[in-house]
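Reproduced below: run30.txt, with compact mmCIF, C-alpha atoms.
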# COMPACT_ATOMS: atom_id res chain seq x y z
CA MET K 1 19.29 37.02 -58.35
CA ASP K 2 20.10 40.73 -58.74
CA THR K 3 22.17 40.04 -61.89
CA ILE K 4 19.22 38.51 -63.76
CA ALA K 5 18.09 40.94 -66.51
CA SER K 6 14.59 39.63 -67.02
CA THR K 7 11.99 42.13 -65.84
CA GLN K 8 9.58 39.27 -65.39
CA GLY K 9 12.07 37.51 -63.17
CA LYS K 10 12.46 40.59 -60.98
CA PHE K 11 8.73 40.85 -60.65
CA LYS K 12 8.51 37.22 -59.56
CA MET K 13 11.24 37.79 -56.99
CA GLU K 14 9.44 40.81 -55.54
CA LYS K 15 6.14 38.97 -55.50
CA SER K 16 7.81 36.03 -53.75
CA SER K 17 9.31 38.39 -51.19
CA TYR K 18 5.90 39.95 -50.62
CA MET K 19 4.31 36.55 -50.16
CA HIS K 20 7.08 35.58 -47.75
CA ARG K 21 6.45 38.69 -45.68
CA SER K 22 2.72 37.96 -45.71
CA ARG K 23 3.29 34.43 -44.50
CA LEU K 24 5.66 35.76 -41.85
CA HIS K 25 3.07 38.23 -40.60
CA SER K 26 0.46 35.47 -40.64
CA SER K 27 2.76 33.17 -38.64
CA ILE K 28 3.41 35.89 -36.09
CA ALA K 29 -0.32 36.48 -35.76
CA LYS K 30 -0.92 32.76 -35.23
CA LEU K 31 1.90 32.56 -32.71
CA THR K 32 0.47 35.53 -30.83
CA PHE K 33 -3.00 33.97 -30.83
CA TRP K 34 -1.83 30.58 -29.54
CA SER K 35 0.40 32.24 -26.96
CA PHE K 36 -2.66 34.10 -25.73
CA VAL K 37 -4.64 30.84 -25.58
CA PHE K 38 -1.83 29.15 -23.64
CA ILE K 39 -1.69 32.02 -21.13
CA CYS K 40 -5.46 31.76 -20.66
CA ILE K 41 -5.18 28.02 -19.97
CA ILE K 42 -2.46 28.63 -17.40
CA TYR K 43 -4.62 31.35 -15.85
CA ILE K 44 -7.55 28.95 -15.57
CA PHE K 45 -5.46 26.17 -14.01
CA PHE K 46 -3.45 28.27 -11.58
CA LEU K 47 -5.71 31.16 -10.61
CA ARG K 48 -9.19 29.78 -10.97
CA ALA K 49 -8.66 26.06 -10.32
CA PRO K 50 -9.77 25.93 -6.68
CA SER K 51 -13.19 27.43 -7.35
CA SER K 52 -13.79 25.71 -10.67
CA TYR K 53 -12.95 22.22 -9.44
CA SER K 54 -14.24 22.29 -5.90
CA ALA K 55 -17.80 21.49 -6.87
CA SER K 56 -17.03 18.55 -9.13
CA VAL K 57 -14.08 17.06 -7.21
CA PRO K 58 -14.54 17.63 -3.47
CA THR K 59 -11.16 16.25 -2.42
CA ASP K 60 -9.31 17.98 -5.22
CA LEU K 61 -8.67 21.17 -3.32
CA SER K 62 -6.79 19.36 -0.57
CA ARG K 63 -4.79 17.52 -3.20
CA ARG K 64 -3.85 20.44 -5.42
CA SER K 65 -3.66 23.43 -3.10
CA LEU K 66 -0.94 24.15 -0.59
CA ARG K 67 -2.13 23.00 2.79
CA THR K 68 -0.73 24.43 5.99
CA TYR K 69 2.22 22.31 7.05
CA ASN K 70 4.09 22.74 10.30
CA TYR K 71 7.82 23.00 9.90
CA GLY K 72 10.72 24.90 11.44
CA GLY K 73 12.10 25.16 14.93
CA ALA K 74 15.14 23.67 16.63
CA THR K 75 13.71 20.16 17.03
CA TRP K 76 12.54 20.01 13.43
CA GLU K 77 15.89 21.25 12.09
CA LYS K 78 17.71 18.69 14.22
CA ARG K 79 15.65 15.87 12.67
CA VAL K 80 16.30 17.24 9.17
CA ARG K 81 20.07 17.43 9.74
CA SER K 82 20.20 14.00 11.34
CA SER K 83 18.35 12.36 8.47
CA ALA K 84 20.50 14.11 5.85
CA ARG K 85 23.82 13.37 7.59
CA ILE K 86 26.26 11.47 5.36
CA ARG K 87 27.55 8.31 7.04
CA SER K 88 29.91 6.88 4.43
CA PRO K 89 33.26 8.27 3.16
CA ASN K 90 32.05 8.82 -0.41
CA GLY K 91 28.41 9.50 0.41
CA VAL K 92 26.17 12.29 -0.88
CA SER K 93 23.27 14.20 0.64
CA VAL K 94 20.02 13.71 -1.25
CA LEU K 95 16.63 15.39 -1.05
CA VAL K 96 14.08 12.82 -2.24
CA THR K 97 10.73 14.30 -3.25
CA GLY K 98 7.76 11.93 -3.26
CA ALA K 99 9.61 9.88 -0.64
CA ALA K 100 6.43 8.24 0.66
CA GLY K 101 5.55 7.09 -2.86
CA PHE K 102 6.28 3.67 -4.31
CA VAL K 103 9.58 4.38 -6.05
CA GLY K 104 10.52 7.11 -3.57
CA THR K 105 10.34 4.74 -0.60
CA HIS K 106 12.54 2.11 -2.21
CA VAL K 107 15.10 4.64 -3.48
CA SER K 108 15.28 6.40 -0.09
CA ALA K 109 15.84 3.09 1.71
CA ALA K 110 18.57 2.05 -0.75
CA LEU K 111 20.38 5.37 -0.40
CA LYS K 112 20.24 5.17 3.39
CA ARG K 113 21.54 1.58 3.41
CA ARG K 114 24.70 2.58 1.58
CA GLY K 115 25.40 5.50 3.91
CA ASP K 116 24.10 8.50 2.00
CA GLY K 117 22.33 11.34 3.76
CA VAL K 118 18.62 11.19 2.85
CA LEU K 119 15.78 13.58 3.58
CA GLY K 120 12.30 12.89 2.24
CA LEU K 121 9.58 15.32 1.19
CA ASP K 122 5.97 14.30 0.54
CA ASN K 123 2.52 15.89 0.76
CA PHE K 124 0.72 12.57 1.47
CA ASN K 125 -2.14 13.40 -0.90
CA ASP K 126 -5.18 11.17 -1.26
CA TYR K 127 -4.82 10.14 -4.93
CA TYR K 128 -4.70 6.64 -3.46
CA ASP K 129 -5.01 5.34 0.11
CA PRO K 130 -2.85 7.64 2.30
CA SER K 131 -2.57 4.90 4.94
CA LEU K 132 -0.27 2.98 2.57
CA LYS K 133 1.94 6.07 2.30
CA ARG K 134 1.96 6.39 6.09
CA ALA K 135 3.02 2.75 6.36
CA ARG K 136 5.91 3.45 3.97
CA GLN K 137 6.80 6.49 6.06
CA ALA K 138 6.97 4.33 9.18
CA LEU K 139 9.17 1.85 7.31
CA LEU K 140 11.62 4.61 6.36
CA GLU K 141 11.63 6.16 9.81
CA ARG K 142 12.78 2.84 11.25
CA SER K 143 15.82 3.06 8.97
CA GLY K 144 16.52 6.66 9.94
CA VAL K 145 14.89 8.56 7.06
CA PHE K 146 12.79 11.56 8.07
CA ILE K 147 10.04 12.64 5.66
CA VAL K 148 9.10 16.31 5.82
CA GLU K 149 5.39 16.74 5.18
CA GLY K 150 5.07 19.47 2.58
CA ASP K 151 4.42 20.35 -1.05
CA ILE K 152 6.96 20.92 -3.82
CA ASN K 153 5.00 24.07 -4.74
CA ASP K 154 5.89 25.57 -1.35
CA ALA K 155 8.90 27.71 -2.26
CA ALA K 156 9.44 28.90 1.32
CA LEU K 157 9.68 25.31 2.57
CA LEU K 158 12.13 24.30 -0.17
CA ARG K 159 14.32 27.33 0.56
CA LYS K 160 14.28 26.45 4.25
CA LEU K 161 15.36 22.87 3.56
CA PHE K 162 18.33 24.06 1.48
CA GLU K 163 19.26 26.54 4.21
CA VAL K 164 19.39 23.74 6.76
CA VAL K 165 21.11 21.18 4.48
CA PRO K 166 23.33 21.98 1.44
CA PHE K 167 22.09 19.01 -0.61
CA THR K 168 24.49 17.75 -3.26
CA HIS K 169 21.70 15.93 -5.13
CA VAL K 170 17.95 15.98 -5.61
CA MET K 171 16.03 12.83 -6.53
CA HIS K 172 12.77 14.32 -7.78
CA LEU K 173 10.11 11.59 -7.78
CA ALA K 174 7.09 13.61 -6.63
CA ALA K 175 4.39 13.78 -9.32
CA GLN K 176 0.74 13.29 -10.07
CA ALA K 177 0.75 9.80 -11.51
CA GLY K 178 -1.79 7.82 -13.51
CA VAL K 179 -2.89 8.01 -17.14
CA ARG K 180 -6.67 7.65 -16.74
CA TYR K 181 -7.12 9.96 -13.75
CA ALA K 182 -6.04 12.90 -15.92
CA MET K 183 -9.46 12.82 -17.57
CA GLN K 184 -11.11 13.41 -14.18
CA ASN K 185 -8.74 15.93 -12.65
CA PRO K 186 -6.44 17.53 -15.24
CA GLY K 187 -5.52 20.46 -13.02
CA SER K 188 -3.67 18.23 -10.55
CA TYR K 189 -1.24 17.20 -13.31
CA VAL K 190 -0.42 20.78 -14.25
CA HIS K 191 -0.12 21.69 -10.57
CA SER K 192 2.30 18.89 -9.63
CA ASN K 193 4.12 17.86 -12.81
CA ILE K 194 4.67 21.30 -14.32
CA ALA K 195 4.25 24.01 -11.68
CA GLY K 196 5.80 21.87 -8.94
CA PHE K 197 8.77 20.93 -11.12
CA VAL K 198 9.37 24.55 -12.12
CA ASN K 199 9.19 25.65 -8.48
CA LEU K 200 11.76 23.03 -7.48
CA LEU K 201 14.10 24.05 -10.33
CA GLU K 202 13.75 27.71 -9.39
CA ILE K 203 15.00 26.93 -5.90
CA CYS K 204 17.78 24.64 -7.14
CA LYS K 205 19.15 27.17 -9.64
CA SER K 206 19.30 29.86 -6.96
CA VAL K 207 21.10 27.96 -4.18
CA ASN K 208 24.87 27.70 -3.86
CA PRO K 209 26.11 25.11 -4.56
CA GLN K 210 23.51 24.02 -7.07
CA PRO K 211 22.57 20.34 -6.65
CA SER K 212 22.63 17.74 -9.41
CA ILE K 213 19.08 16.62 -10.20
CA VAL K 214 17.75 13.21 -11.21
CA TRP K 215 14.04 13.18 -11.89
CA ALA K 216 11.27 10.83 -12.98
CA SER K 217 9.96 11.29 -16.49
CA SER K 218 7.88 8.44 -17.94
CA SER K 219 7.68 5.93 -20.76
CA SER K 220 4.31 7.54 -21.47
CA VAL K 221 6.11 10.32 -23.37
CA TYR K 222 6.47 7.91 -26.31
CA GLY K 223 2.71 8.17 -26.82
CA LEU K 224 1.73 7.13 -30.33
CA ASN K 225 5.29 6.22 -31.33
CA THR K 226 5.34 2.96 -33.31
CA ASN K 227 9.09 2.30 -33.44
CA VAL K 228 9.92 -0.78 -31.37
CA PRO K 229 11.68 -0.95 -29.01
CA PHE K 230 11.29 2.65 -27.81
CA SER K 231 14.58 4.52 -28.02
CA GLU K 232 15.55 7.84 -26.44
CA ARG K 233 16.16 9.02 -30.02
CA ASP K 234 12.54 8.42 -31.05
CA ARG K 235 10.07 11.27 -31.40
CA THR K 236 8.05 12.11 -28.30
CA ASP K 237 5.79 14.84 -29.64
CA GLN K 238 2.63 12.74 -29.88
CA PRO K 239 1.47 12.16 -26.28
CA ALA K 240 -1.62 9.99 -25.85
CA SER K 241 -2.61 11.42 -22.45
CA LEU K 242 -2.37 14.62 -20.44
CA TYR K 243 -0.10 12.80 -17.99
CA ALA K 244 2.28 12.04 -20.86
CA ALA K 245 2.07 15.65 -22.06
CA THR K 246 3.06 16.99 -18.63
CA LYS K 247 6.01 14.62 -18.45
CA LYS K 248 7.11 15.67 -21.94
CA ALA K 249 6.74 19.29 -20.83
CA GLY K 250 8.99 18.42 -17.89
CA GLU K 251 11.70 17.23 -20.27
CA GLU K 252 11.53 20.50 -22.20
CA ILE K 253 11.56 22.50 -18.96
CA ALA K 254 14.63 20.53 -17.83
CA HIS K 255 16.38 21.44 -21.07
CA THR K 256 15.60 25.12 -20.48
CA TYR K 257 16.97 25.21 -16.93
CA ASN K 258 20.04 23.28 -18.02
CA HIS K 259 20.69 25.67 -20.90
CA ILE K 260 20.10 28.92 -19.00
CA TYR K 261 21.20 28.15 -15.45
CA GLY K 262 23.67 25.28 -15.77
CA LEU K 263 21.66 22.75 -13.77
CA SER K 264 22.78 19.14 -14.18
CA LEU K 265 19.61 17.22 -15.02
CA THR K 266 18.98 13.54 -15.70
CA GLY K 267 15.49 12.35 -16.66
CA LEU K 268 14.46 8.71 -16.19
CA ARG K 269 11.67 7.22 -18.30
CA PHE K 270 10.24 4.45 -16.10
CA PHE K 271 8.47 1.52 -17.78
CA THR K 272 5.53 0.06 -15.77
CA VAL K 273 7.18 -0.36 -12.37
CA TYR K 274 5.77 -3.06 -10.07
CA GLY K 275 6.63 -4.80 -6.82
CA PRO K 276 6.12 -4.73 -3.02
CA TRP K 277 4.74 -1.48 -1.55
CA GLY K 278 3.40 -0.65 -5.02
CA ARG K 279 0.63 1.69 -6.14
CA PRO K 280 -2.98 0.46 -5.79
CA ASP K 281 -3.97 2.15 -9.06
CA MET K 282 -1.69 -0.13 -11.10
CA ALA K 283 -3.22 -3.12 -12.89
CA TYR K 284 -1.14 -5.85 -11.21
CA PHE K 285 -2.17 -4.43 -7.82
CA PHE K 286 -5.93 -4.10 -8.31
CA PHE K 287 -6.03 -7.33 -10.32
CA THR K 288 -4.66 -9.10 -7.24
CA LYS K 289 -7.21 -7.41 -5.02
CA ASP K 290 -10.18 -8.22 -7.26
CA ILE K 291 -9.12 -11.80 -7.98
CA LEU K 292 -8.94 -12.51 -4.26
CA LYS K 293 -12.38 -10.96 -3.76
CA GLY K 294 -13.89 -12.99 -6.59
CA LYS K 295 -14.63 -9.90 -8.68
CA SER K 296 -14.29 -9.81 -12.45
CA ILE K 297 -11.29 -8.01 -13.91
CA SER K 298 -11.23 -6.09 -17.19
CA ILE K 299 -8.52 -7.12 -19.64
CA PHE K 300 -8.15 -4.85 -22.64
CA GLU K 301 -7.42 -5.88 -26.18
CA ALA K 302 -6.55 -3.68 -29.14
CA ALA K 303 -8.33 -3.48 -32.48
CA ASN K 304 -8.74 -6.79 -34.33
CA HIS K 305 -8.12 -8.68 -31.09
CA GLY K 306 -4.63 -7.20 -30.83
CA THR K 307 -2.51 -7.94 -27.76
CA VAL K 308 -2.00 -5.29 -25.11
CA ALA K 309 1.46 -5.68 -23.57
CA ARG K 310 3.64 -3.84 -21.07
CA ASP K 311 7.36 -3.77 -20.34
CA PHE K 312 6.90 -4.62 -16.64
CA THR K 313 9.97 -3.59 -14.64
CA TYR K 314 10.63 -4.78 -11.10
CA ILE K 315 11.21 -2.11 -8.47
CA ASP K 316 14.69 -3.33 -7.44
CA ASP K 317 15.89 -2.97 -11.03
CA ILE K 318 14.45 0.55 -11.18
CA VAL K 319 16.22 1.46 -7.92
CA ARG K 320 19.56 0.31 -9.32
CA GLY K 321 18.93 2.50 -12.36
CA CYS K 322 18.10 5.49 -10.15
CA LEU K 323 21.26 5.05 -8.09
CA GLY K 324 23.31 4.61 -11.25
CA ALA K 325 21.95 7.90 -12.60
CA LEU K 326 22.69 9.62 -9.29
CA ASP K 327 26.24 8.25 -9.12
CA THR K 328 27.09 9.34 -12.67
CA ALA K 329 25.45 12.76 -12.43
CA GLU K 330 27.98 15.54 -12.94
CA LYS K 331 27.96 18.69 -10.87
CA SER K 332 25.82 21.64 -11.93
CA THR K 333 27.84 24.52 -13.35
CA GLY K 334 25.83 27.49 -12.11
CA SER K 335 26.10 29.59 -8.99
CA GLY K 336 23.49 31.96 -7.60
CA GLY K 337 21.34 31.56 -10.68
CA LYS K 338 24.16 32.23 -13.16
CA LYS K 339 25.64 29.61 -15.50
CA SER K 340 29.41 29.35 -15.77
CA GLY K 341 29.62 26.60 -18.38
CA PRO K 342 27.82 23.73 -20.15
CA ALA K 343 26.11 21.27 -17.80
CA GLN K 344 25.11 17.63 -18.14
CA LEU K 345 21.66 16.89 -19.62
CA ARG K 346 20.53 13.28 -20.06
CA VAL K 347 17.42 11.14 -20.53
CA PHE K 348 17.38 7.35 -20.05
CA ASN K 349 14.90 4.52 -20.51
CA LEU K 350 14.63 2.27 -17.46
CA GLY K 351 12.68 -0.82 -18.48
CA ASN K 352 12.96 -4.60 -18.52
CA THR K 353 13.09 -4.75 -22.33
CA SER K 354 10.79 -7.83 -22.28
CA PRO K 355 7.15 -6.88 -22.94
CA VAL K 356 4.56 -9.29 -21.54
CA PRO K 357 0.89 -9.47 -22.59
CA VAL K 358 -1.44 -8.33 -19.82
CA SER K 359 -3.34 -11.63 -20.19
CA ASP K 360 -0.10 -13.47 -19.27
CA LEU K 361 0.25 -11.26 -16.20
CA VAL K 362 -3.18 -12.42 -15.08
CA THR K 363 -2.25 -16.07 -15.67
CA ILE K 364 0.81 -15.68 -13.43
CA LEU K 365 -1.30 -14.05 -10.71
CA GLU K 366 -3.83 -16.89 -10.91
CA ARG K 367 -1.04 -19.39 -10.36
CA LEU K 368 0.47 -17.48 -7.42
CA LEU K 369 -2.86 -16.72 -5.74
CA LYS K 370 -4.29 -20.16 -6.54
CA VAL K 371 -7.53 -18.50 -7.60
CA LYS K 372 -9.08 -18.46 -11.06
CA ALA K 373 -9.70 -14.95 -12.35
CA LYS K 374 -13.04 -13.90 -13.79
CA ARG K 375 -11.86 -12.29 -17.01
CA ASN K 376 -13.86 -9.64 -18.82
CA ILE K 377 -12.30 -8.94 -22.23
CA MET K 378 -12.89 -5.36 -23.38
CA LYS K 379 -11.74 -3.09 -26.19
CA LEU K 380 -8.91 -0.75 -25.27
CA PRO K 381 -10.60 2.56 -24.42
CA ARG K 382 -9.48 5.93 -25.75
CA ASN K 383 -8.49 7.25 -22.33
CA GLY K 384 -4.74 7.61 -22.76
CA ASP K 385 -3.72 3.95 -22.60
CA VAL K 386 -1.48 2.69 -25.40
CA GLN K 387 -1.32 -0.83 -26.84
CA PHE K 388 2.25 -1.67 -25.87
CA THR K 389 5.46 -0.41 -24.32
CA HIS K 390 8.94 -1.77 -24.97
CA ALA K 391 12.17 -0.16 -23.76
CA ASN K 392 15.45 0.01 -25.60
CA ILE K 393 17.87 0.17 -22.64
CA SER K 394 21.21 0.12 -24.49
CA TYR K 395 21.98 3.75 -23.56
CA ALA K 396 21.34 3.13 -19.84
CA GLN K 397 23.38 -0.08 -20.01
CA ARG K 398 26.33 1.78 -21.48
CA GLU K 399 26.22 4.92 -19.32
CA LEU K 400 24.73 3.68 -16.02
CA GLY K 401 25.67 0.01 -16.01
CA TYR K 402 21.92 -0.66 -15.87
CA LYS K 403 20.97 -4.32 -16.22
CA PRO K 404 17.51 -5.57 -15.15
CA ILE K 405 17.64 -9.08 -13.71
CA THR K 406 14.08 -9.80 -12.50
CA ASP K 407 11.57 -11.58 -14.72
CA LEU K 408 7.83 -11.04 -14.24
CA GLN K 409 7.22 -14.44 -12.62
CA SER K 410 9.86 -13.83 -9.93
CA GLY K 411 8.84 -10.22 -9.35
CA LEU K 412 5.14 -10.99 -8.99
CA LYS K 413 5.93 -13.80 -6.55
CA LYS K 414 7.63 -11.24 -4.28
CA PHE K 415 4.76 -8.80 -4.72
CA VAL K 416 2.07 -11.37 -3.87
CA ARG K 417 3.99 -12.45 -0.77
CA TRP K 418 4.16 -8.81 0.39
CA TYR K 419 0.50 -8.15 -0.50
CA LEU K 420 -0.86 -11.09 1.45
CA ASN K 421 1.26 -10.26 4.47
CA TYR K 422 0.61 -6.52 4.45
CA TYR K 423 -3.18 -6.74 4.11
CA SER K 424 -3.48 -9.55 6.64
CA VAL K 425 -1.80 -7.22 9.16
CA VAL K 426 -4.06 -4.34 8.12
CA LYS K 427 -7.12 -6.56 8.54
CA LYS K 428 -6.05 -7.72 12.02
CA SER K 429 -5.38 -4.11 13.05
CA ALA K 430 -8.90 -3.13 11.97
CA GLU K 431 -10.55 -5.93 13.97
Would you write the structure of this file as structure tokens?
Amino acid sequence: MDTIASTQGKFKMEKSSYMHRSRLHSSIAKLTFWSFVFICIIYIFFLRAPSSYSASVPTDLSRRSLRTYNYGGATWEKRVRSSARIRSPNGVSVLVTGAAGFVGTHVSAALKRRGDGVLGLDNFNDYYDPSLKRARQALLERSGVFIVEGDINDAALLRKLFEVVPFTHVMHLAAQAGVRYAMQNPGSYVHSNIAGFVNLLEICKSVNPQPSIVWASSSSVYGLNTNVPFSERDRTDQPASLYAATKKAGEEIAHTYNHIYGLSLTGLRFFTVYGPWGRPDMAYFFFTKDILKGKSISIFEAANHGTVARDFTYIDDIVRGCLGALDTAEKSTGSGGKKSGPAQLRVFNLGNTSPVPVSDLVTILERLLKVKAKRNIMKLPRNGDVQFTHANISYAQRELGYKPITDLQSGLKKFVRWYLNYYSVVKKSAE
């Protein structure tokens, strides 16, 4: 450009350079402004949340704030060590967060059965009936798994756990779940899915040896993506709900801690998990409840009577995927917060790769329950729900040996059997 003799050309070059600098200054100003807005949002959620939400959501404070948990002492430490003791030659020691949750319970039980050391952590919040979580806790305790009652935001507790047990792995399943609830209580998602995850990673990057981490992302990160089936290579920058946004943020946070501190991190995008000991806020669960009670159930349809479908994945298949991710997780490469080399970073879809219309789900439940459902067809609301999900699982098949084997009919049959048995016992206990 400097060799061009035209005066007019030089003027154009200088003008272009000036415009470039102007745009650069404008971009910096915009970046500064949005950074300030982001900091303000974080300030509102983290510093002002208890007072701002206490009036509108009475139980929110107990769910989102750190409660006082009792831990420590010789007896407590003995239980922690006993639960985390490895009992097989090639076993690992695993801290499972969200151990009293649906997936957490099944994964903890599977790890214990094969001889791994397992310690659970759960805050037993009241997002759904805590008595179900306590029943899962009792189930795990009978198999030798101790669940520490505490919050992943409690840094002192996490440090204490790693002092007592040098965990080789962390299975991070604790999270604020649910797409629709985010519209009622957004702060709980930031508190658990972002702040809690960061707090856990801060502890993990500082301990020696650093554990390998497998954690639950979500199929919700695909948001408004229209490529079918959903592939890990597809864009995930168009979340349709705050829940999805926090899970996407988790994936970016994982990348950061992997890059800076050498943490080995594997994210698992679960696709509509169902089965025994499931979550009451899931459609298959409350459909069963309402059908048995003779209540009408709302079945959504998309625009122009479009079908709403989900890639329903049975819990046992999900557990096999979780264990496969754990078994193939490489060691972290950092020590004392310092990275010594590149570390493993992965994200996998765990689905059934066979989407089923929600209306077909209801038909199967009618057959299993031998009760006709009262269907109320409604338009799909703009509350974060998407029209369909469909997993491409070729990457997980290749790397984890993941292969789902349970169809929806078979899986729901097992769920209904558990549901009828569990709630008949609960009813007798209440009488």
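When atom CA of Ser220 of chain K is paired with atom CA of Gly262 of chain K, their separation reads 26.9 Å.
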**Prompt:** Interatomic distance between atom CA of Ala155 of chain K and atom CA of Ile203 of chain K?
**Reply:** 7.1 Å
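If you measure from each of K:Gln238, K:Ser218, K:Ser188, K:Asn392 to Leu173 of chain K using only C-alpha atoms, the closest one turns out to be K:Ser218.
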**Request:** For atom CA of Leu350 of chain K and atom CA of Glu399 of chain K, quote the distance in Å rounded to one decimal.
**Result:** 12.0 Å
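For Arg136 of chain K, the residues within 8 Å (counting all atoms listed in the file, excluding itself and residues fewer than 6 positions away along the chain) are Ala100, Gly101, Thr105 and Trp277 of chain K.
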